[in-house]
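Asker: Sharing input_2.cif here; it has mmCIF, C-alpha atoms and all ligand atoms.
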data_target
loop_
_atom_site.label_atom_id
_atom_site.label_comp_id
_atom_site.auth_asym_id
_atom_site.auth_seq_id
_atom_site.Cartn_x
_atom_site.Cartn_y
_atom_site.Cartn_z
CA MET F 1 -0.57 -44.60 10.66
CA VAL F 2 -2.48 -43.36 13.70
CA ARG F 3 -3.26 -39.72 13.37
CA ILE F 4 -3.31 -37.81 16.64
CA ALA F 5 -5.91 -35.07 16.45
CA SER F 6 -4.38 -31.73 17.17
CA ARG F 7 -5.38 -29.22 19.77
CA VAL F 8 -6.12 -25.80 18.42
CA GLY F 9 -6.80 -22.43 20.01
CA ILE F 10 -8.89 -19.83 18.21
CA PHE F 11 -8.53 -16.36 19.68
CA GLY F 12 -11.26 -14.11 18.34
CA GLY F 13 -11.04 -10.38 18.79
CA THR F 14 -11.13 -6.98 17.20
CA PHE F 15 -7.37 -6.50 17.69
CA ASP F 16 -7.55 -2.76 17.05
CA PRO F 17 -4.65 -2.83 17.83
CA PRO F 18 -3.28 -6.18 19.04
CA HIS F 19 -1.39 -5.61 22.31
CA LEU F 20 0.84 -7.44 24.76
CA GLY F 21 -2.22 -8.50 26.78
CA HIS F 22 -3.44 -10.46 23.75
CA LEU F 23 -0.03 -12.07 23.21
CA ILE F 24 0.36 -13.08 26.86
CA VAL F 25 -3.18 -14.50 26.95
CA ALA F 26 -2.56 -16.55 23.80
CA GLU F 27 0.79 -17.85 25.01
CA LEU F 28 -0.52 -18.82 28.44
CA ALA F 29 -3.50 -20.61 26.87
CA ARG F 30 -1.16 -22.42 24.48
CA ASP F 31 1.01 -23.54 27.38
CA ALA F 32 -1.77 -24.47 29.82
CA LEU F 33 -3.87 -26.39 27.28
CA GLN F 34 -0.97 -27.86 25.29
CA LEU F 35 -2.23 -26.29 22.08
CA ASP F 36 -0.36 -27.01 18.87
CA THR F 37 -1.39 -23.73 17.29
CA VAL F 38 -3.20 -20.59 18.41
CA TYR F 39 -4.96 -18.77 15.58
CA PHE F 40 -5.69 -15.09 16.08
CA MET F 41 -8.96 -14.41 14.31
CA PRO F 42 -9.74 -10.73 13.76
CA ALA F 43 -13.46 -10.04 13.45
CA GLY F 44 -14.68 -8.32 10.30
CA LYS F 45 -17.68 -6.67 11.88
CA PRO F 46 -17.57 -7.51 15.60
CA PRO F 47 -21.12 -8.24 16.80
CA HIS F 48 -20.99 -6.03 19.90
CA LYS F 49 -19.10 -3.15 18.34
CA TYR F 50 -20.85 -2.69 15.01
CA ARG F 51 -22.23 0.82 15.60
CA SER F 52 -18.96 2.41 14.54
CA ALA F 53 -16.49 0.48 12.46
CA PRO F 54 -13.07 -0.62 13.70
CA SER F 55 -9.94 0.11 11.65
CA ALA F 56 -9.83 -1.58 8.24
CA GLY F 57 -9.30 -5.32 8.39
CA ARG F 58 -6.09 -5.01 6.35
CA HIS F 59 -4.55 -2.80 9.04
CA ARG F 60 -5.57 -5.14 11.85
CA VAL F 61 -4.24 -8.17 9.97
CA ALA F 62 -0.98 -6.35 9.18
CA MET F 63 -0.53 -5.46 12.85
CA LEU F 64 -1.26 -9.05 13.88
CA GLU F 65 1.29 -10.34 11.36
CA ARG F 66 3.92 -8.14 12.97
CA ALA F 67 2.82 -9.00 16.51
CA ILE F 68 3.04 -12.79 16.06
CA ALA F 69 6.00 -12.91 13.66
CA ASP F 70 8.44 -14.49 16.11
CA ASN F 71 6.15 -17.21 17.50
CA PRO F 72 5.92 -20.35 15.33
CA ALA F 73 2.90 -21.60 17.32
CA PHE F 74 0.85 -18.51 16.41
CA ASP F 75 -1.02 -17.95 13.17
CA ILE F 76 -3.87 -15.83 11.77
CA LEU F 77 -7.29 -16.76 10.41
CA THR F 78 -8.67 -14.14 8.05
CA ILE F 79 -12.04 -15.82 7.42
CA GLU F 80 -14.02 -13.12 9.29
CA VAL F 81 -12.22 -10.03 7.96
CA GLU F 82 -12.72 -11.35 4.44
CA SER F 83 -16.47 -11.44 4.94
CA GLU F 84 -18.95 -8.58 4.67
CA ARG F 85 -21.18 -10.15 7.28
CA ILE F 86 -21.26 -9.58 11.04
CA SER F 87 -18.79 -12.01 12.60
CA TYR F 88 -20.96 -14.39 14.59
CA THR F 89 -18.71 -16.95 16.25
CA ALA F 90 -21.23 -19.80 15.93
CA ASP F 91 -21.30 -19.40 12.13
CA THR F 92 -17.53 -19.05 11.85
CA LEU F 93 -16.78 -22.12 13.94
CA GLU F 94 -19.21 -24.22 11.92
CA THR F 95 -17.59 -23.07 8.69
CA LEU F 96 -14.12 -23.80 10.05
CA ARG F 97 -15.22 -27.29 11.18
CA ARG F 98 -16.51 -27.95 7.64
CA THR F 99 -13.51 -26.56 5.79
CA MET F 100 -10.36 -26.52 7.89
CA PHE F 101 -10.65 -28.54 11.08
CA THR F 102 -12.07 -31.75 9.65
CA HIS F 103 -9.88 -34.27 11.48
CA GLY F 104 -11.42 -34.25 14.93
CA GLU F 105 -9.28 -31.39 16.22
CA THR F 106 -10.09 -30.24 19.72
CA LEU F 107 -10.94 -26.56 19.46
CA TYR F 108 -10.66 -23.99 22.23
CA PHE F 109 -12.18 -20.56 21.68
CA ILE F 110 -10.04 -18.22 23.78
CA MET F 111 -11.52 -15.17 25.51
CA GLY F 112 -11.07 -12.80 28.42
CA GLY F 113 -13.35 -12.74 31.46
CA ASP F 114 -15.17 -9.65 30.12
CA SER F 115 -16.25 -11.62 27.05
CA LEU F 116 -17.33 -14.61 29.16
CA ALA F 117 -19.61 -12.39 31.27
CA TYR F 118 -21.75 -11.75 28.17
CA PHE F 119 -21.22 -15.07 26.47
CA HIS F 120 -24.79 -16.24 27.17
CA THR F 121 -26.05 -13.23 25.14
CA TRP F 122 -24.03 -14.16 22.04
CA ARG F 123 -25.81 -15.56 19.01
CA ASP F 124 -26.50 -19.23 19.58
CA PRO F 125 -23.97 -19.94 22.36
CA GLN F 126 -25.12 -23.58 22.50
CA ARG F 127 -23.99 -23.98 18.90
CA ILE F 128 -20.59 -22.50 19.80
CA LEU F 129 -20.20 -24.93 22.71
CA ARG F 130 -20.93 -27.86 20.41
CA GLN F 131 -17.99 -26.83 18.19
CA ALA F 132 -15.46 -25.74 20.79
CA HIS F 133 -14.49 -25.55 24.42
CA LEU F 134 -13.98 -22.10 25.89
CA ALA F 135 -10.60 -21.11 27.36
CA VAL F 136 -11.07 -18.14 29.65
CA ILE F 137 -8.46 -15.80 31.08
CA ALA F 138 -9.16 -13.39 33.92
CA ARG F 139 -9.32 -9.69 33.12
CA PRO F 140 -9.07 -6.81 35.62
CA GLY F 141 -12.52 -5.75 36.81
CA TRP F 142 -14.27 -8.95 35.76
CA THR F 143 -15.08 -12.02 37.83
CA ILE F 144 -15.16 -15.41 36.15
CA ASP F 145 -18.49 -16.74 37.40
CA LEU F 146 -19.03 -20.22 35.99
CA GLU F 147 -22.00 -20.88 38.24
CA THR F 148 -24.01 -18.00 36.79
CA LEU F 149 -22.94 -18.93 33.27
CA GLU F 150 -24.13 -22.51 33.79
CA THR F 151 -27.44 -21.24 35.18
CA HIS F 152 -27.99 -19.30 31.95
CA LEU F 153 -26.40 -21.98 29.82
CA PRO F 154 -26.32 -25.54 31.20
CA GLU F 155 -24.48 -26.64 28.02
CA ALA F 156 -21.40 -24.82 29.35
CA ARG F 157 -20.91 -27.43 32.08
CA GLY F 158 -17.57 -29.15 31.55
CA ARG F 159 -16.83 -27.09 28.43
CA VAL F 160 -15.01 -24.13 30.02
CA GLU F 161 -11.33 -24.15 31.00
CA ILE F 162 -9.94 -21.38 33.19
CA VAL F 163 -6.38 -20.43 32.29
CA ASN F 164 -4.37 -19.04 35.19
CA ALA F 165 -2.70 -15.79 34.32
CA PRO F 166 -1.63 -12.56 35.97
CA LEU F 167 -4.12 -9.73 35.53
CA ILE F 168 -2.97 -7.56 32.66
CA GLU F 169 -4.40 -4.07 32.59
CA ILE F 170 -3.87 -3.35 28.91
CA SER F 171 -6.68 -2.70 26.44
CA SER F 172 -6.91 -1.63 22.82
CA SER F 173 -9.21 1.25 23.75
CA ASP F 174 -6.63 2.64 26.17
CA ILE F 175 -3.94 2.33 23.49
CA ARG F 176 -6.11 4.17 20.93
CA ARG F 177 -6.72 6.91 23.49
CA ARG F 178 -3.01 7.15 24.26
CA VAL F 179 -2.11 7.53 20.58
CA ARG F 180 -4.79 10.19 20.13
CA GLU F 181 -3.42 12.11 23.12
CA GLY F 182 0.20 11.75 21.97
CA ARG F 183 1.16 9.61 24.96
CA THR F 184 3.49 6.63 24.93
CA ILE F 185 2.43 3.12 23.94
CA ARG F 186 5.91 1.68 24.30
CA TYR F 187 5.77 -1.76 26.00
CA PHE F 188 1.98 -1.87 25.51
CA VAL F 189 2.39 -3.21 21.98
CA PRO F 190 5.38 -4.81 20.20
CA ASP F 191 7.67 -2.15 18.69
CA SER F 192 6.77 -3.38 15.20
CA VAL F 193 3.07 -2.72 15.90
CA ALA F 194 3.78 0.76 17.31
CA GLU F 195 5.78 1.54 14.20
CA TYR F 196 2.87 0.39 12.00
CA ILE F 197 0.41 2.54 13.96
CA TYR F 198 2.56 5.67 13.56
CA THR F 199 3.43 5.02 9.89
CA HIS F 200 -0.23 4.63 8.98
CA HIS F 201 -1.46 7.41 11.28
CA LEU F 202 -3.92 5.09 12.99
CA TYR F 203 -6.03 6.33 15.91
CA VAL F 204 -5.04 9.97 15.45
CA ASN F 205 -8.41 11.21 14.29
CA VAL F 206 -10.87 8.91 15.93
CA PRO F 207 -14.47 10.12 15.67
CA THR F 208 -16.09 11.25 18.90
CA THR F 209 -18.33 8.19 18.57
CA GLU F 210 -15.36 5.94 19.44
CA TYR F 211 -16.87 2.50 19.67
CA VAL F 212 -17.22 1.06 23.16
N1 LIG Q 301 -5.57 -7.56 28.97
C1 LIG Q 301 -6.36 -8.61 28.70
N2 LIG Q 301 -6.48 -9.63 29.56
C2 LIG Q 301 -7.30 -10.69 29.28
N3 LIG Q 301 -8.02 -10.80 28.14
C3 LIG Q 301 -7.94 -9.81 27.25
C4 LIG Q 301 -7.10 -8.67 27.47
N4 LIG Q 301 -7.22 -7.84 26.40
C5 LIG Q 301 -8.09 -8.42 25.57
N5 LIG Q 301 -8.53 -9.60 26.06
C6 LIG Q 301 -9.48 -10.53 25.44
O1 LIG Q 301 -9.12 -10.66 24.08
C7 LIG Q 301 -10.28 -10.79 23.25
C8 LIG Q 301 -10.22 -9.76 22.14
O2 LIG Q 301 -10.19 -8.49 22.74
P1 LIG Q 301 -10.26 -7.15 21.90
O3 LIG Q 301 -9.56 -7.33 20.60
O4 LIG Q 301 -11.63 -6.62 21.88
O5 LIG Q 301 -9.29 -6.22 22.79
P2 LIG Q 301 -9.68 -5.20 23.93
O6 LIG Q 301 -8.40 -4.77 24.55
O7 LIG Q 301 -10.74 -5.77 24.82
O8 LIG Q 301 -10.30 -4.03 23.04
P3 LIG Q 301 -11.19 -2.74 23.46
O9 LIG Q 301 -10.48 -2.04 24.57
O10 LIG Q 301 -11.26 -1.96 22.19
O11 LIG Q 301 -12.54 -3.30 23.88
C9 LIG Q 301 -11.49 -10.63 24.19
O12 LIG Q 301 -11.96 -11.92 24.52
C10 LIG Q 301 -10.90 -9.97 25.42
O13 LIG Q 301 -11.58 -10.34 26.58
O1 LIG Q 302 -21.15 -14.48 18.06
C1 LIG Q 302 -21.49 -13.57 18.81
O2 LIG Q 302 -22.68 -13.30 19.07
C2 LIG Q 302 -20.40 -12.71 19.44
C3 LIG Q 302 -20.69 -11.64 20.28
C4 LIG Q 302 -19.65 -10.90 20.81
C5 LIG Q 302 -18.33 -11.21 20.49
N1 LIG Q 302 -18.10 -12.27 19.67
C6 LIG Q 302 -16.71 -12.60 19.31
O3 LIG Q 302 -15.87 -12.53 20.45
C7 LIG Q 302 -14.57 -12.14 20.05
C8 LIG Q 302 -14.14 -10.97 20.91
O4 LIG Q 302 -14.96 -9.88 20.62
P1 LIG Q 302 -14.51 -8.38 20.91
O5 LIG Q 302 -15.73 -7.57 20.58
O6 LIG Q 302 -14.14 -8.35 22.38
O7 LIG Q 302 -13.33 -8.10 20.04
C9 LIG Q 302 -14.66 -11.83 18.56
O8 LIG Q 302 -14.20 -12.98 17.87
C10 LIG Q 302 -16.13 -11.62 18.32
O9 LIG Q 302 -16.55 -11.96 17.00
C11 LIG Q 302 -19.07 -13.02 19.15
#
Please, can you express the file's structure as structure tokens?
Answerer:
Amino acid sequence: MVRIASRVGIFGGTFDPPHLGHLIVAELARDALQLDTVYFMPAGKPPHKYRSAPSAGRHRVAMLERAIADNPAFDILTIEVESERISYTADTLETLRRTMFTHGETLYFIMGGDSLAYFHTWRDPQRILRQAHLAVIARPGWTIDLETLETHLPEARGRVEIVNAPLIEISSSDIRRRVREGRTIRYFVPDSVAEYIYTHHLYVNVPTTEYV
């Protein structure tokens, strides 16, 4: 039997909380790149946000479970939230290649344009590009500048796919602020996620050192 290697998206993020922007990005990447599965991968300790901790991993996973429940092409990878270490993507992808994606799967690491702008500063970006392509979606306020990226990182040439999508001005930080201020988050997150946020009193008392 000839086995056809599958095409897999890995969408790393803090997801504190997951919002409709994340879901639209994942669905458009799935569609554009013909991905069999998109895995949402919440970071345990996100490298650029480690000064003040995000909500507990169990809350972020629970919200993701609710957010993706009705999409059979979406799943969750808990490898990073289960670890005590800072979630460096290069390490995670290598581990996943060793343990889970061992059949020549084509991997796409999905990110917004804001993440791409700093990608060359990530730990060992060359190592990431050896494991996966990047799938990048535009984000309001950020230009996708492949030329500059390739100047910093020649290994990115031919490894980055741009996914066309409408600009979606939704962010987790805005949602956290809205909850804190008692404003609506309806239609920013799935109803099931909003319910979880209110039931567990998330984002009500966020320290003044709200992470950036
Ligand atoms: N509205 C959006 N449009 C495009 N990409 C997005 C959008 N929201 C998040 N992303 C991308 O999803 C990934 C995970 O994002 P993250 O979980 O940090 O959410 P966020 O909304 O950026 O959070 P915060 O506001 O707390 O920084 C990142 O690569 C980010 O660029
Ligand atoms: O590996 C790195 O150096 C690195 C630096 C910044 C971000 N990342 C990853 O990028 C993803 C999005 O990060 P964030 O902070 O926007 O949620 C998440 O999976 C992070 O672990 C990874």
Asker: Could you tell me which of F:Glu181, F:Val193, F:Thr106, F:Leu23 comes closest to Ile168 of chain F if we count all atoms listed in the file?
Answerer: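 Once distances to Ile168 of chain F are computed over all atoms listed in the file, the minimum belongs to F:Leu23.
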Asker: So which one's closest to Gly12 of chain F, F:Phe74, F:Phe188, F:Phe109, F:Tyr88? Using only C-alpha atoms, please.
Answerer: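 For Gly12 of chain F, the nearest of the candidates is F:Phe109.
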Asker: Return the single residue from F:His22, F:Arg85, F:Arg139, F:Lys45 that is closest to Gly113 of chain F, with distances computed using only C-alpha atoms.
Answerer: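 Counting only C-alpha atoms, the residue closest to Gly113 of chain F is F:Arg139.
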Asker: Show me which residues are within 8 Å of ligand LIG 302 (chain Q) counting only C-alpha atoms and all ligand atoms, and format the list as a ChimeraX atom specification.
Answerer: /F:11-15,41-49,86-91,111,114-115,118-119,121-125
Asker: Just to confirm, what's the straight-line distance from atom CA of Ser192 of chain F to atom CA of Arg66 of chain F in Å (one decimal)?
Answerer: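 Atom CA of Arg66 of chain F lies 6.0 Å from atom CA of Ser192 of chain F.
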Asker: Take atom CA of Gly158 of chain F and atom CA of Val8 of chain F and report the distance between them in Å, one decimal.
Answerer: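 The value is 17.7 Å.
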Asker: Just segment 115-152 of chain F, please, as a compact mmCIF listing (two decimals), in the first residue's frame (only N, CA and C atoms).
Answerer:
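Output below, filename decode.txt:
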# COMPACT_ATOMS: atom_id res chain seq x y z
N SER F 115 3.98 37.87 14.36
CA SER F 115 4.98 36.87 14.76
C SER F 115 6.09 36.77 13.71
N LEU F 116 5.70 36.84 12.43
CA LEU F 116 6.73 36.71 11.38
C LEU F 116 7.76 37.85 11.47
N ALA F 117 7.29 39.04 11.85
CA ALA F 117 8.18 40.20 11.89
C ALA F 117 9.37 39.97 12.83
N TYR F 118 9.15 39.13 13.87
CA TYR F 118 10.23 38.86 14.83
C TYR F 118 10.81 37.46 14.68
N PHE F 119 10.35 36.76 13.66
CA PHE F 119 10.74 35.35 13.55
C PHE F 119 12.26 35.16 13.56
N HIS F 120 12.98 36.09 12.92
CA HIS F 120 14.44 35.92 12.84
C HIS F 120 15.10 36.02 14.22
N THR F 121 14.35 36.57 15.22
CA THR F 121 14.92 36.68 16.58
C THR F 121 14.58 35.46 17.44
N TRP F 122 13.78 34.56 16.93
CA TRP F 122 13.41 33.37 17.71
C TRP F 122 14.65 32.49 17.91
N ARG F 123 14.56 31.59 18.88
CA ARG F 123 15.67 30.67 19.09
C ARG F 123 15.81 29.75 17.88
N ASP F 124 16.97 29.80 17.28
CA ASP F 124 17.32 28.86 16.21
C ASP F 124 16.29 28.76 15.07
N PRO F 125 15.97 29.89 14.43
CA PRO F 125 14.94 29.84 13.38
C PRO F 125 15.32 28.91 12.23
N GLN F 126 16.63 28.76 11.98
CA GLN F 126 17.06 27.85 10.90
C GLN F 126 16.58 26.43 11.19
N ARG F 127 16.68 26.06 12.48
CA ARG F 127 16.28 24.71 12.89
C ARG F 127 14.76 24.53 12.69
N ILE F 128 14.01 25.61 12.96
CA ILE F 128 12.55 25.55 12.76
C ILE F 128 12.27 25.33 11.27
N LEU F 129 12.97 26.07 10.43
CA LEU F 129 12.70 25.99 8.98
C LEU F 129 13.10 24.65 8.39
N ARG F 130 13.99 23.94 9.08
CA ARG F 130 14.34 22.60 8.60
C ARG F 130 13.21 21.61 8.89
N GLN F 131 12.43 21.90 9.96
CA GLN F 131 11.36 20.97 10.35
C GLN F 131 10.03 21.29 9.67
N ALA F 132 9.82 22.58 9.37
CA ALA F 132 8.49 22.99 8.93
C ALA F 132 8.56 24.18 7.98
N HIS F 133 7.53 24.29 7.15
CA HIS F 133 7.31 25.53 6.40
C HIS F 133 6.61 26.50 7.36
N LEU F 134 6.59 27.76 7.00
CA LEU F 134 5.78 28.72 7.75
C LEU F 134 4.56 29.07 6.90
N ALA F 135 3.40 29.16 7.55
CA ALA F 135 2.19 29.65 6.88
C ALA F 135 1.81 30.95 7.59
N VAL F 136 1.83 32.04 6.85
CA VAL F 136 1.68 33.35 7.50
C VAL F 136 0.41 34.05 7.03
N ILE F 137 -0.30 34.60 8.00
CA ILE F 137 -1.55 35.30 7.73
C ILE F 137 -1.38 36.76 8.16
N ALA F 138 -1.86 37.67 7.31
CA ALA F 138 -1.70 39.09 7.61
C ALA F 138 -2.44 39.46 8.89
N ARG F 139 -1.90 40.46 9.59
CA ARG F 139 -2.54 40.95 10.81
C ARG F 139 -2.54 42.47 10.77
N PRO F 140 -3.64 43.11 11.18
CA PRO F 140 -3.71 44.58 11.10
C PRO F 140 -2.48 45.22 11.75
N GLY F 141 -1.89 46.17 11.05
CA GLY F 141 -0.75 46.91 11.61
C GLY F 141 0.60 46.29 11.30
N TRP F 142 0.60 45.16 10.62
CA TRP F 142 1.87 44.48 10.35
C TRP F 142 1.98 44.16 8.87
N THR F 143 3.15 44.49 8.30
CA THR F 143 3.39 44.17 6.89
C THR F 143 4.14 42.85 6.82
N ILE F 144 3.74 42.02 5.86
CA ILE F 144 4.50 40.78 5.66
C ILE F 144 5.64 41.09 4.68
N ASP F 145 6.86 41.14 5.22
CA ASP F 145 8.00 41.58 4.42
C ASP F 145 8.98 40.41 4.26
N LEU F 146 8.72 39.63 3.20
CA LEU F 146 9.55 38.43 3.01
C LEU F 146 10.98 38.78 2.63
N GLU F 147 11.13 39.93 1.94
CA GLU F 147 12.47 40.31 1.49
C GLU F 147 13.39 40.55 2.70
N THR F 148 12.87 41.31 3.67
CA THR F 148 13.67 41.59 4.87
C THR F 148 13.93 40.29 5.64
N LEU F 149 12.90 39.45 5.73
CA LEU F 149 13.09 38.18 6.44
C LEU F 149 14.22 37.38 5.79
N GLU F 150 14.20 37.33 4.45
CA GLU F 150 15.20 36.51 3.75
C GLU F 150 16.60 37.13 3.83
N THR F 151 16.65 38.47 4.05
CA THR F 151 17.95 39.10 4.25
C THR F 151 18.52 38.62 5.58
N HIS F 152 17.66 38.62 6.62
CA HIS F 152 18.11 38.14 7.93
C HIS F 152 18.35 36.63 7.91
